[in-house]
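Visitor: entry-v3.txt is reproduced in full below (compact mmCIF, C-alpha atoms).
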```
# COMPACT_ATOMS: atom_id res chain seq x y z
CA MET A 584 58.92 311.64 43.97
CA THR A 585 59.11 310.18 40.48
CA ARG A 586 59.62 306.47 39.84
CA LEU A 587 61.14 307.26 36.45
CA GLY A 588 64.13 309.41 37.24
CA SER A 589 66.26 308.01 34.41
CA PHE A 590 63.85 309.44 31.81
CA ARG A 591 63.60 313.04 30.69
CA GLN A 592 60.98 315.24 32.34
CA ASN A 593 57.28 315.24 31.37
CA ILE A 594 57.23 311.97 29.46
CA ASN A 595 54.35 310.44 27.50
CA VAL A 596 53.42 306.82 28.21
CA ALA A 597 51.35 304.28 26.26
CA VAL A 598 49.81 301.40 28.23
CA ILE A 599 48.33 298.60 26.13
CA GLY A 600 46.09 296.38 28.23
CA ALA A 601 44.81 299.18 30.46
CA SER A 602 41.63 297.33 31.45
CA GLY A 603 43.56 294.44 33.06
CA GLY A 604 44.72 294.23 36.65
CA ILE A 605 48.39 295.02 36.01
CA GLY A 606 47.59 297.49 33.24
CA GLY A 607 45.18 299.40 35.45
CA ALA A 608 47.73 299.57 38.27
CA PHE A 609 50.33 300.94 35.86
CA CYS A 610 47.92 303.57 34.53
CA ARG A 611 47.00 304.83 38.00
CA THR A 612 50.59 304.89 39.21
CA LEU A 613 52.00 306.56 36.12
CA ALA A 614 49.24 309.16 35.98
CA ALA A 615 50.18 310.24 39.51
CA ASP A 616 53.91 310.36 38.80
CA PRO A 617 55.26 313.94 38.67
CA ASN A 618 57.49 313.05 35.73
CA VAL A 619 54.61 311.82 33.53
CA ALA A 620 52.80 314.38 31.39
CA SER A 621 50.23 312.04 29.87
CA VAL A 622 49.14 308.40 29.86
CA TYR A 623 47.47 306.96 26.79
CA ALA A 624 45.49 303.90 27.89
CA PHE A 625 44.58 301.27 25.28
CA SER A 626 42.30 298.25 25.64
CA ARG A 627 39.45 296.42 23.92
CA THR A 628 36.98 297.31 26.68
CA GLU A 629 36.82 300.84 28.05
CA ALA A 630 38.98 301.62 31.06
CA ARG A 631 38.18 304.71 33.13
CA PHE A 632 40.62 306.56 35.35
CA ASP A 633 39.84 309.58 37.46
CA ARG A 634 42.80 311.59 36.17
CA ASP A 635 42.85 314.43 33.66
CA ASN A 636 46.12 313.24 32.15
CA VAL A 637 44.81 309.79 31.12
CA ALA A 638 43.17 309.36 27.71
CA TRP A 639 41.58 306.03 26.75
CA HIS A 640 41.54 304.64 23.19
CA ALA A 641 40.07 301.40 21.84
CA LEU A 642 42.51 298.73 20.68
CA ASP A 643 41.85 295.11 19.77
CA LEU A 644 45.06 293.11 20.13
CA GLU A 645 43.81 290.50 17.64
CA ASP A 646 43.11 293.04 14.88
CA GLU A 647 46.07 294.76 13.26
CA ARG A 648 43.87 297.44 11.70
CA SER A 649 42.63 298.31 15.19
CA ILE A 650 46.23 298.59 16.40
CA GLU A 651 47.11 300.81 13.45
CA ARG A 652 44.07 303.04 14.10
CA ALA A 653 45.03 303.34 17.78
CA ALA A 654 48.56 304.41 16.85
CA ASP A 655 47.15 306.95 14.39
CA ALA A 656 44.72 308.30 17.00
CA VAL A 657 47.52 309.80 19.09
CA GLY A 658 48.72 311.90 16.17
CA ASP A 659 52.25 313.22 16.48
CA THR A 660 52.62 312.29 20.15
CA ALA A 661 56.09 310.91 20.86
CA PHE A 662 56.34 308.32 23.63
CA GLU A 663 59.20 307.68 26.00
CA LEU A 664 57.61 304.51 27.40
CA VAL A 665 55.38 301.92 25.70
CA LEU A 666 54.12 299.03 27.83
CA VAL A 667 52.37 295.93 26.48
CA LEU A 668 50.62 294.49 29.55
CA THR A 669 48.46 291.84 27.92
CA GLY A 670 48.19 288.07 27.98
CA ILE A 671 45.94 285.03 27.99
CA LEU A 672 46.26 281.75 29.87
CA HIS A 673 42.67 280.53 30.13
CA ARG A 674 39.18 281.53 29.13
CA GLY A 675 35.79 280.15 30.12
CA ASP A 676 34.93 279.04 26.59
CA GLY A 677 37.10 275.95 26.84
CA LEU A 678 40.58 277.42 26.78
CA GLN A 679 42.63 276.02 29.67
CA PRO A 680 46.39 275.40 30.11
CA GLU A 681 47.19 271.87 28.95
CA ARG A 682 48.32 269.28 31.47
CA ARG A 683 49.14 266.67 28.81
CA LEU A 684 50.03 266.57 25.12
CA ASP A 685 46.69 265.00 24.18
CA GLU A 686 44.91 268.16 25.39
CA LEU A 687 46.54 270.30 22.69
CA SER A 688 44.26 271.73 20.01
CA PRO A 689 45.18 273.86 17.00
CA GLU A 690 42.39 276.31 17.84
CA ASN A 691 43.66 276.99 21.36
CA LEU A 692 47.27 277.17 20.21
CA ALA A 693 46.33 279.73 17.58
CA ARG A 694 44.29 281.83 20.05
CA VAL A 695 47.03 281.90 22.68
CA PHE A 696 49.72 282.75 20.13
CA ALA A 697 47.52 285.48 18.65
CA ILE A 698 47.27 287.30 21.99
CA ASN A 699 50.59 286.46 23.65
CA ALA A 700 52.96 286.75 20.68
CA ILE A 701 51.41 288.09 17.49
CA GLY A 702 49.53 290.95 19.15
CA PRO A 703 52.60 292.38 20.95
CA ALA A 704 54.60 292.07 17.72
CA MET A 705 51.99 294.17 15.91
CA ILE A 706 52.08 296.70 18.73
CA ALA A 707 55.83 296.98 18.20
CA LYS A 708 55.34 297.37 14.45
CA HIS A 709 53.02 300.36 14.86
CA PHE A 710 54.22 301.94 18.12
CA LEU A 711 58.01 301.69 17.95
CA PRO A 712 58.09 304.43 15.27
CA LYS A 713 56.32 306.67 17.80
CA LEU A 714 59.11 306.48 20.36
CA SER A 715 60.95 309.71 20.94
CA GLY A 716 64.33 309.90 19.27
CA ARG A 717 65.82 312.43 21.65
CA THR A 718 66.37 310.56 24.90
CA LYS A 719 65.99 307.25 26.78
CA THR A 720 62.95 305.30 25.66
CA VAL A 721 61.66 301.86 26.64
CA PHE A 722 59.35 299.40 24.90
CA ALA A 723 58.53 296.55 27.29
CA ALA A 724 56.15 293.59 27.07
CA LEU A 725 54.96 291.22 29.77
CA SER A 726 56.37 287.74 29.34
CA ALA A 727 56.45 284.95 31.93
CA ARG A 728 59.15 282.82 33.52
CA VAL A 729 57.41 279.68 32.25
CA GLY A 730 58.24 280.92 28.75
CA SER A 731 61.93 280.31 29.42
CA ILE A 732 63.07 277.21 27.53
CA GLY A 733 66.13 276.80 29.75
CA ASP A 734 64.02 277.03 32.91
CA ASN A 735 61.38 274.50 31.79
CA ARG A 736 61.68 271.46 34.06
CA LEU A 737 58.02 270.57 34.63
CA GLY A 738 56.44 270.53 31.16
CA GLY A 739 52.73 271.18 30.73
CA TRP A 740 51.03 274.44 29.75
CA ALA A 741 52.37 273.94 26.24
CA SER A 742 50.42 276.72 24.50
CA TYR A 743 51.22 279.34 27.12
CA ARG A 744 54.89 278.35 27.43
CA ALA A 745 55.41 278.27 23.68
CA SER A 746 53.62 281.57 23.07
CA LYS A 747 55.71 283.37 25.69
CA ALA A 748 58.90 281.78 24.30
CA ALA A 749 57.85 283.11 20.89
CA LEU A 750 57.29 286.55 22.42
CA ASN A 751 60.78 286.45 23.94
CA GLN A 752 62.31 285.66 20.56
CA LEU A 753 60.32 288.46 18.94
CA ILE A 754 61.49 290.91 21.61
CA ARG A 755 65.10 289.88 21.04
CA THR A 756 64.77 290.23 17.27
CA ILE A 757 62.93 293.55 17.47
CA ALA A 758 65.56 294.91 19.88
CA ILE A 759 68.40 294.17 17.45
CA GLU A 760 66.67 295.95 14.57
CA HIS A 761 65.47 298.86 16.72
CA ALA A 762 68.99 299.51 18.07
CA ARG A 763 70.19 300.31 14.56
CA ARG A 764 67.79 303.27 14.44
CA ARG A 765 67.72 304.34 18.08
CA PRO A 766 70.77 303.03 19.95
CA GLN A 767 69.74 304.80 23.17
CA SER A 768 66.42 302.92 23.31
CA VAL A 769 65.58 299.72 25.23
CA VAL A 770 63.32 296.84 24.16
CA ALA A 771 62.76 294.23 26.87
CA ALA A 772 60.57 291.39 28.11
CA LEU A 773 59.45 291.47 31.75
CA HIS A 774 58.26 288.77 34.14
CA PRO A 775 55.82 290.33 36.66
CA GLY A 776 55.93 287.53 39.22
CA THR A 777 52.80 285.65 40.24
CA VAL A 778 50.14 288.35 40.40
CA ASP A 779 46.64 288.14 41.86
CA THR A 780 44.73 288.85 38.64
CA ARG A 781 42.06 287.05 36.63
CA LEU A 782 44.78 285.42 34.55
CA SER A 783 46.45 283.64 37.47
CA GLN A 784 43.73 283.35 40.14
CA PRO A 785 42.66 279.78 39.27
CA PHE A 786 46.26 278.58 39.73
CA THR A 787 47.50 280.37 42.86
CA ARG A 788 45.99 278.20 45.61
CA ARG A 789 49.40 276.81 46.57
CA THR A 790 51.34 280.03 46.07
CA PRO A 791 52.82 281.29 49.38
CA ALA A 792 51.34 284.61 50.45
CA ASP A 793 54.69 286.38 50.21
CA LYS A 794 55.12 285.17 46.60
CA LEU A 795 51.69 286.33 45.42
CA PHE A 796 51.79 290.00 44.44
CA SER A 797 48.93 292.43 44.12
CA PRO A 798 48.78 294.24 40.74
CA GLN A 799 50.03 297.37 42.48
CA GLN A 800 53.02 295.55 43.98
CA SER A 801 53.94 294.10 40.60
CA ALA A 802 53.62 297.50 38.90
CA ASP A 803 55.84 299.09 41.54
CA TYR A 804 58.50 296.39 41.15
CA LEU A 805 58.45 296.55 37.36
CA LEU A 806 58.67 300.34 37.27
CA ARG A 807 61.86 300.05 39.31
CA VAL A 808 63.21 297.56 36.77
CA ILE A 809 62.21 299.80 33.84
CA ASP A 810 63.86 302.84 35.40
CA ASN A 811 67.12 300.90 35.79
CA LEU A 812 67.21 299.54 32.22
CA THR A 813 69.98 300.80 29.96
CA PRO A 814 70.63 300.30 26.23
CA GLU A 815 72.99 297.45 27.13
CA ASP A 816 69.93 295.59 28.50
CA SER A 817 67.98 295.83 25.25
CA GLY A 818 66.74 292.47 24.03
CA GLY A 819 66.86 291.02 27.55
CA PHE A 820 64.31 289.22 29.69
CA PHE A 821 64.06 290.43 33.29
CA ALA A 822 62.14 289.37 36.40
CA TRP A 823 60.24 291.69 38.71
CA ASP A 824 63.33 292.03 40.92
CA GLY A 825 65.58 293.01 38.04
CA SER A 826 67.35 289.66 37.74
CA PRO A 827 67.90 288.38 34.19
CA ILE A 828 66.05 285.25 33.05
CA GLU A 829 67.53 282.89 30.49
CA TYR A 830 65.61 282.53 27.26
```
The structure given in the file should be rewritten as structure tokens.
Guide:
Amino acid sequence: MTRLGSFRQNINVAVIGASGGIGGAFCRTLAADPNVASVYAFSRTEARFDRDNVAWHALDLEDERSIERAADAVGDTAFELVLVLTGILHRGDGLQPERRLDELSPENLARVFAINAIGPAMIAKHFLPKLSGRTKTVFAALSARVGSIGDNRLGGWASYRASKAALNQLIRTIAIEHARRRPQSVVAALHPGTVDTRLSQPFTRRTPADKLFSPQQSADYLLRVIDNLTPEDSGGFFAWDGSPIEY
């Protein structure tokens, strides 16, 4: 049974961030869906899937020329679903979420914004024109609840919060422009919940077991949200359970 019943039959899907935990779960699930003809998997490092209908292409989120080449590599393929499943919170080379203002550095701010906000915006620039014009289409990017300005009551994690807030604003702006060309299309930001991936593992020690999702659980929840999205939802920010999140 398909998870994407609101789409036309035999859709094409692009997954950016295929080598990550959530991205890999999406690729495997979508490749097995009877309503999906092909999955185009994009990532900086090669991702392999044991399915004939998955094709991998190199894409460096921090290099617009790489994004443009990846979009060109699929030729005239029209997508019904484009997913940007990327993000950075920490890295072993000294990048960690800030606990206090005096831990901010321009280098870390720039790196986090490059991956969490600028990269997805460049994906939209080059992949939105490849969405099918005939039927329901969705462009969705992973955001995070901590990127909500209205929901921020704890402070901290300034780079990550600000970059995801910037992504949310970009999604909203892109959705308004995109609706003028394709009013039946949806552009949305999605919060995947707290997921047991490399991004969140150092910070999940106190997360209750029932609130910590596997990548597969998160993918399943988000596919349900995506299938229920309508053009009236375009520009919105939605949690894994479908509930709207304030910007």
Visitor: Using only C-alpha atoms, can you tell me which of A:Arg591, A:Arg586, A:Arg634, A:Arg764 comes closest to A:Cys610?
Guide: A:Arg634
Visitor: Go through A:Val729, A:Val619, A:Ala597, A:Leu642 one by one, measure the shortest atom-to-atom distance of each to A:Leu672 using all atoms listed in the file, and give the residue with the smallest value.
Guide: A:Val729
Visitor: At what distance in Å, to one decimal, does atom CA of A:Asn699 lie from atom CA of A:Tyr623?
Guide: 21.0 Å
Visitor: Can you pull out the residues contacting A:Ile671? Cut-off 12 Å, using all atoms listed in the file, and skip same-chain residues under 4 positions away; I want them as a ChimeraX atom specification.
Guide: /A:600,603,644-645,675,678-680,691-700,702,725-727,740,742-744,746-747,780-783
Visitor: With C-alpha atoms kept, could you save the residues just selected as a PDB file, in the frame of the given file?
Guide:
```
ATOM      1  CA  GLY A 600      46.090 296.380  28.230  1.00  0.00           C
ATOM      2  CA  GLY A 603      43.560 294.440  33.060  1.00  0.00           C
ATOM      3  CA  LEU A 644      45.060 293.110  20.130  1.00  0.00           C
ATOM      4  CA  GLU A 645      43.810 290.500  17.640  1.00  0.00           C
ATOM      5  CA  GLY A 675      35.790 280.150  30.120  1.00  0.00           C
ATOM      6  CA  LEU A 678      40.580 277.420  26.780  1.00  0.00           C
ATOM      7  CA  GLN A 679      42.630 276.020  29.670  1.00  0.00           C
ATOM      8  CA  PRO A 680      46.390 275.400  30.110  1.00  0.00           C
ATOM      9  CA  ASN A 691      43.660 276.990  21.360  1.00  0.00           C
ATOM     10  CA  LEU A 692      47.270 277.170  20.210  1.00  0.00           C
ATOM     11  CA  ALA A 693      46.330 279.730  17.580  1.00  0.00           C
ATOM     12  CA  ARG A 694      44.290 281.830  20.050  1.00  0.00           C
ATOM     13  CA  VAL A 695      47.030 281.900  22.680  1.00  0.00           C
ATOM     14  CA  PHE A 696      49.720 282.750  20.130  1.00  0.00           C
ATOM     15  CA  ALA A 697      47.520 285.480  18.650  1.00  0.00           C
ATOM     16  CA  ILE A 698      47.270 287.300  21.990  1.00  0.00           C
ATOM     17  CA  ASN A 699      50.590 286.460  23.650  1.00  0.00           C
ATOM     18  CA  ALA A 700      52.960 286.750  20.680  1.00  0.00           C
ATOM     19  CA  GLY A 702      49.530 290.950  19.150  1.00  0.00           C
ATOM     20  CA  LEU A 725      54.960 291.220  29.770  1.00  0.00           C
ATOM     21  CA  SER A 726      56.370 287.740  29.340  1.00  0.00           C
ATOM     22  CA  ALA A 727      56.450 284.950  31.930  1.00  0.00           C
ATOM     23  CA  TRP A 740      51.030 274.440  29.750  1.00  0.00           C
ATOM     24  CA  SER A 742      50.420 276.720  24.500  1.00  0.00           C
ATOM     25  CA  TYR A 743      51.220 279.340  27.120  1.00  0.00           C
ATOM     26  CA  ARG A 744      54.890 278.350  27.430  1.00  0.00           C
ATOM     27  CA  SER A 746      53.620 281.570  23.070  1.00  0.00           C
ATOM     28  CA  LYS A 747      55.710 283.370  25.690  1.00  0.00           C
ATOM     29  CA  THR A 780      44.730 288.850  38.640  1.00  0.00           C
ATOM     30  CA  ARG A 781      42.060 287.050  36.630  1.00  0.00           C
ATOM     31  CA  LEU A 782      44.780 285.420  34.550  1.00  0.00           C
ATOM     32  CA  SER A 783      46.450 283.640  37.470  1.00  0.00           C
TER      33      SER A 783
END
```
Visitor: Between atom CA of A:Asn811 and atom CA of A:Leu668, what is the spacing in Å?
Guide: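 For atom CA of A:Leu668 relative to atom CA of A:Asn811, the distance reads 18.8 Å.
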Visitor: Stretch 706-715 of chain A: which residues within 6 Å, counting only C-alpha atoms, same-chain residues fewer than 5 positions away excluded, as a list of chain:residue names?
Guide: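 Residues near the query, excluding close chain neighbours: A:Ala661, A:Phe662, A:Glu663.
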Visitor: Rounded to one decimal, what separation in Å do you get between atom CA of A:Gly670 and atom CA of A:Asn636?
Guide: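 Taking atom CA of A:Gly670 and atom CA of A:Asn636, their separation equals 25.6 Å.
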Visitor: Point out the residue among A:Arg755, A:Lys719, A:Arg682, A:Arg765 with the least atom-to-atom distance to A:Thr813, counting only C-alpha atoms.
Guide: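 Closest residue, counting only C-alpha atoms: A:Lys719.
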Visitor: I need the residue nearest A:Ala762 from this list: A:Leu805, A:Ala624, A:Val721, A:Ala638. Use all atoms listed in the file for the distance.
Guide: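 Counting all atoms listed in the file, the residue closest to A:Ala762 is A:Val721.
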